[in-house]
Amino acid sequence: MLDLNSLNPQQRQAVEMVRGPVLILAGAGTGKTRVITFRIAHMVREGIAPRNILAVTFTNKAAREMKERVAKLLPARVRQRERAKEEGPRISTFHSLCARILREHIEVLGYKRNFVIYDESEQLGALRKVLSQISAKGESSDPRVLLALISRYKNGGARALADSPARAMVEHVLRRYESGLRACNAVDFDDLLLLVLRLFTEHPRVLAACRETFQYVMVDEYQDTNAAQFKLTHLLCEQHRNLCVVGDDDQSIYGWRGAEISNLLDRSTNVILQAANAVIQNNTRRRGKNLWSARGQGEKILLEEFKTDEEEARCVVDEIEAARLMRRIPWGGQAILFRTNQQSRPLEMALRQRNVRYHLIGGQSYFDRREVRDVLAYLKMFVNPHDDTSLLRIANVPARGLSDVTMERLLAASQQRGCSVYSAMRHTDVQGEFPERTRGSIRGWLEFIERVGGALSAEPSLMLAAWADRFLDEIGYFAELRRAEKNVETADNRIRNLKDLMSDLDRAAGLGPEERLQAFLEEISLDSEREEKREAQGDQVTLITMHSCKGLEFPHVYVVGLEDGLLPHSRSKMEGTQDEERRLFYVAITRAMETLRLSYCLGRKKYGAIAPCHPSPFLRELPAELVENAAERSKQPVAAGSGGHMFAAMRGAAE
DNA sequence: CCCGCTGTGATTTTT
DNA sequence: TCACAGCGGG
């Protein structure tokens with residue numbers, strides 16, 4: 001239930017100022033998100049139609065959380081009405097919002113309604129295709145770097161690269177890359193925003209309709225919005241001016257994505273906040289803010305040193321278990337934070353070894369698995385056979401007589417005719433260029449696409465899970481997986497992955513098969529970590545990068561791998577973004593509500609061999625009196641056997 | 001045309 | 001360490 005008295009005066013003022021522009025600049029853990037959720041609930045109570053409210057978050061996870069929190073504040077009858085009519089307040093990321101808008105209006109921009117959204121690896125694929133065409137000479141321009149430049153260029157406009165020598169090159173490649181995507185009826189992440197901007201400027205009626213719908217707008221993590229997002233917000237709000245933005249300049253950690261930096265405390269202990277203050281004060285160019293808490297001083301921060309990353313992982317798990325068994329702190333109250341996704345590996349191994357339930361946020365683990373990518377490509381192709389990238393990926397997986405050479409010739413033919421590869425395959429002239437045998441393969445493939453894809457529109461009661469299972473079996477995909485994988489267990493694992501994937505296909509109940517499939521694909525391209533199922537299911541340690549932990553909080557936090565080169569990342573030195581790295585450290589520190597443990601290693605496995613490391617210079621910025629240094633307390637790695645037994649015994653005693 | 005083998009090269013962060 | 005691109009035998 002909504003009780004404004006539980007807010008402090010500043011928060012309350014921000015909640016009640018429903019009209020006109022509001023800026024909330026506040027430090028970590030000051031209840032910024034709470035202000036937004038209360039504000040939404042308050043508006044609804046004041047009689048504003050929920051559908052006229054828009055709240056934009058930075059991640060899908062944050063959006064989900066906010067939805068839940070708002071729902072709890074709304075009276076039950078409003079909630080029910082909403083669910084029935086699907087008219088609740090719109091709470092989503094910029095990207096999801098734009099995807100929804102485009103789904104409705106994109107046709108006026110010359111795309112088809114069933115456009116697909118390319119993720120990074122698909123973007124890379126499309127880009128590589130372009131590069132192979134234009135730079136036949138061994139000009140080894142790294143597509144990843146180029147893609148980053150393209151994204152910068154698209155988001156920040158030409159200005160972003162004005163002084164860069166790469167600019168001409170980027171513009172040249174970009175033109176072809178764009179037309180490549182267009183030909184596939186595909187858009188990338190940046191396009192989602194940019195196309196909506198175009199829609200708004202070129203088609204004022206669409207803009208007017210959106211303004212009419214979104215009369216009250218709130219943006220969380222405003223310090224992370226980029227130029228396109230800013231423009232979008234501005235366009236939506238310049239008339240009614242009902243815009244409330246919330247942010248913290250000290251938490252701006254997405255500069256590399258084009259973000260531009262343009263309260264009230266009751267959470268962490270003072271030790272944690274003082275340490276954070278000391279760190280962030282080393283940054284210049286910030287607005288003064290000091291954090292403090294009414295929760296008392298709290299425990300000192302523990303700083304530990306380990307020999308290797310594997311020892312670090314083992315010991316952190318030991319500590320997690322010790323906290324759980326001796327201090328009754330559940331797994332769910334503990335989180336491990338790290339700088340890069342790959343750091344999760346040794347941690348996962350150690351957690352598994354001890355049977356500690358955990359949940360890894362982000363990371364490209366699941367959706368980057370080859371079999372999952374393959375099947376997604378099949379699904380995308382059935383939604384839109386003109387999506388060359390998807391079609392090329394799986395045309396010969398499993399092998400069906402359409403070799404690379406054949407596909408390359410087909411690709412060339414499609415470029416000559418200015419059509420998709422699929423269309424080119426259907427041309428009898430094109431087919432005629434191939435030997436009889438290959439021609440047969442092409443026809444067989446076309447027949448397959450039309451028959452299986454046709455079922456989507458022809459059979460209204462089609463269940464996608466069964467449909468997908470059937471065609472994967474038909475083409476021998478499962479058999480191929482089993483055959484190609486020597487290890488039976490990993491093969492079974494891969495197949496289980498796919499069954500998991502398929503079991504989610506029909507989640508959007510109430511839609512026809514084609515729309516249902518589209519909804520599924522859209523959800524996973526925009527929200528790759530939708531792990532709701534696992535998240536909801538009980539007590540688990542959270543594994544998360546420092547970037548994606550923003551906005552979350554945990555009673556007990558372990559920040560691992562605090563080494564020079566990881567944090568600050570070695571790359572940041574060349575790019576001159578060390579302040580951003582420091583803010584990242586600040587964000588990580590302030591996730592902790594009760595206890596905070598930091599650790600670094602003297603050596604870390606890199607490319608198989610152990611490379612020496614040094615502690616992060618940021619650690620020296622922590623005031624010595626707040627830190628208990630456990631470095632000398634030489635930690636012996638606990639032998640896997642004995643430690644495990646000890647904890648098993650303790651667990652038995654505890655239950 | 002297929003498939004397995006070898007060697008090379010890569011590693012920030014997210015929608 | 002691992003993923004993937006390129007090469008040569010079948």
# chains A, B, ... in the order shown; residues from 1 in each chain; ligands from 1
>>> interface_residues(of="chain C", to="chain A", cutoff="12 Å", atoms="only C-alpha atoms (C1' of nucleotides)", output="number ranges by chain")
C: 1-4
>>> residues_around(residues="DT14 (chain B)", least_positions_apart="4", cutoff="9 Å", atoms="only C-alpha atoms (C1' of nucleotides)", output="list in words")
Thr59, Tyr254, Arg257, Gly362, His547 and Ser548 of chain A
>>> write_last_selection(atoms="C-alpha atoms", output="CSV table (one decimal), in the first residue's frame")
chain,number,residue,atom,x,y,z
A,59,THR,CA,18.0,-2.5,-18.0
A,254,TYR,CA,28.4,3.9,-19.7
A,257,ARG,CA,28.1,3.6,-25.0
A,362,GLY,CA,24.1,-11.3,-17.8
A,547,HIS,CA,28.1,-2.8,-14.6
A,548,SER,CA,24.9,-4.7,-14.3
>>> select_by_dssp(residues="region 469-580 of chain A", states="strand (DSSP E)", output="ChimeraX atom specification")
/A:541-545,554-559
>>> write_last_selection(atoms="N, CA and C atoms", output="short mmCIF file (atom, residue, chain, number, x, y, z; two decimals), in the first residue's frame")
data_model
loop_
_atom_site.label_atom_id
_atom_site.label_comp_id
_atom_site.auth_asym_id
_atom_site.auth_seq_id
_atom_site.Cartn_x
_atom_site.Cartn_y
_atom_site.Cartn_z
N VAL A 541 23.00 -17.41 -4.51
CA VAL A 541 24.03 -16.38 -4.54
C VAL A 541 23.98 -15.68 -5.90
N THR A 542 24.14 -14.37 -5.92
CA THR A 542 24.12 -13.65 -7.18
C THR A 542 25.54 -13.42 -7.70
N LEU A 543 25.77 -13.77 -8.94
CA LEU A 543 27.03 -13.48 -9.62
C LEU A 543 26.75 -12.41 -10.67
N ILE A 544 27.48 -11.31 -10.60
CA ILE A 544 27.07 -10.21 -11.48
C ILE A 544 28.26 -9.30 -11.78
N THR A 545 28.26 -8.67 -12.95
CA THR A 545 29.33 -7.72 -13.26
C THR A 545 29.04 -6.41 -12.54
N PHE A 554 22.63 -5.59 -2.00
CA PHE A 554 22.71 -6.87 -1.32
C PHE A 554 23.26 -6.63 0.09
N PRO A 555 22.78 -7.40 1.04
CA PRO A 555 23.33 -7.24 2.39
C PRO A 555 24.83 -7.50 2.41
N HIS A 556 25.27 -8.54 1.74
CA HIS A 556 26.69 -8.92 1.83
C HIS A 556 27.29 -9.02 0.44
N VAL A 557 28.35 -8.26 0.24
CA VAL A 557 28.92 -8.17 -1.10
C VAL A 557 30.40 -8.55 -1.10
N TYR A 558 30.78 -9.36 -2.06
CA TYR A 558 32.19 -9.71 -2.28
C TYR A 558 32.59 -9.13 -3.63
N VAL A 559 33.56 -8.24 -3.64
CA VAL A 559 34.06 -7.74 -4.91
C VAL A 559 35.41 -8.41 -5.16
#
>>> closest_residue(among="A:Thr233, A:Asn185, A:Thr57, A:Thr33", to="chain B", atoms="only C-alpha atoms (C1' of nucleotides)")
A:Thr57
>>> residues_around(residues="DC2 (chain B)", least_positions_apart="2", cutoff="10 Å", atoms="only C-alpha atoms (C1' of nucleotides)", output="list of chain:residue names")
A:Ala399, A:Arg400, A:Gly401, A:Ser403, B:DG4, C:DG10
>>> closest_atom_pairs(of="chain B", to="chain A", cutoff="9 Å", atoms="only C-alpha atoms (C1' of nucleotides)", output="Markdown table")
| residue | atom | partner | partner_atom | distance |
| --- | --- | --- | --- | --- |
| B:DC1 | C1' | A:Ser403 | CA | 6.6 |
| B:DC2 | C1' | A:Ala399 | CA | 7.8 |
| B:DT11 | C1' | A:Gln342 | CA | 8.5 |
| B:DT12 | C1' | A:Thr340 | CA | 6.1 |
| B:DT13 | C1' | A:His547 | CA | 6.0 |
| B:DT14 | C1' | A:Ser548 | CA | 8.0 |
| B:DT15 | C1' | A:Phe189 | CA | 6.3 |
>>> residues_around(residues="Ile36 (chain A)", least_positions_apart="6", cutoff="9 Å", atoms="only C-alpha atoms (C1' of nucleotides)", output="mmCIF file with C-alpha atoms, in the first residue's frame")
data_model
loop_
_atom_site.group_PDB
_atom_site.id
_atom_site.type_symbol
_atom_site.label_atom_id
_atom_site.label_comp_id
_atom_site.auth_asym_id
_atom_site.auth_seq_id
_atom_site.Cartn_x
_atom_site.Cartn_y
_atom_site.Cartn_z
ATOM 1 C CA ALA A 14 9.570 14.688 -5.655
ATOM 2 C CA VAL A 15 6.712 12.213 -5.557
ATOM 3 C CA ALA A 55 8.807 4.996 -16.894
ATOM 4 C CA MET A 66 10.095 -1.686 -10.932
ATOM 5 C CA VAL A 70 4.697 -0.575 -8.481
ATOM 6 C CA MET A 218 10.038 9.314 -15.927
ATOM 7 C CA VAL A 219 13.595 8.298 -16.736
ATOM 8 C CA ASP A 220 15.754 6.391 -14.286
ATOM 9 C CA CYS A 244 10.957 13.526 -14.151
ATOM 10 C CA VAL A 246 16.539 10.619 -11.788
#
>>> atom_distance(atom1="CA of Thr490 (chain A)", atom2="CA of Arg369 (chain A)")
11.8 Å
>>> residues_around(residues="DG8 (chain C)", least_positions_apart="6", cutoff="12 Å", atoms="only C-alpha atoms (C1' of nucleotides)", output="list in words")
DC3, DG4, DC5 and DT6 of chain B
>>> write_last_selection(atoms="C-alpha atoms (C1' of nucleotides)", output="CSV table (one decimal), in the first residue's frame")
chain,number,residue,atom,x,y,z
B,3,DC,C1',34.6,-33.2,-42.3
B,4,DG,C1',38.2,-33.2,-39.2
B,5,DC,C1',42.4,-31.3,-38.1
B,6,DT,C1',45.7,-27.6,-37.1
>>> atom_distance(atom1="CA of Leu337 (chain A)", atom2="CA of Ala588 (chain A)")
7.1 Å
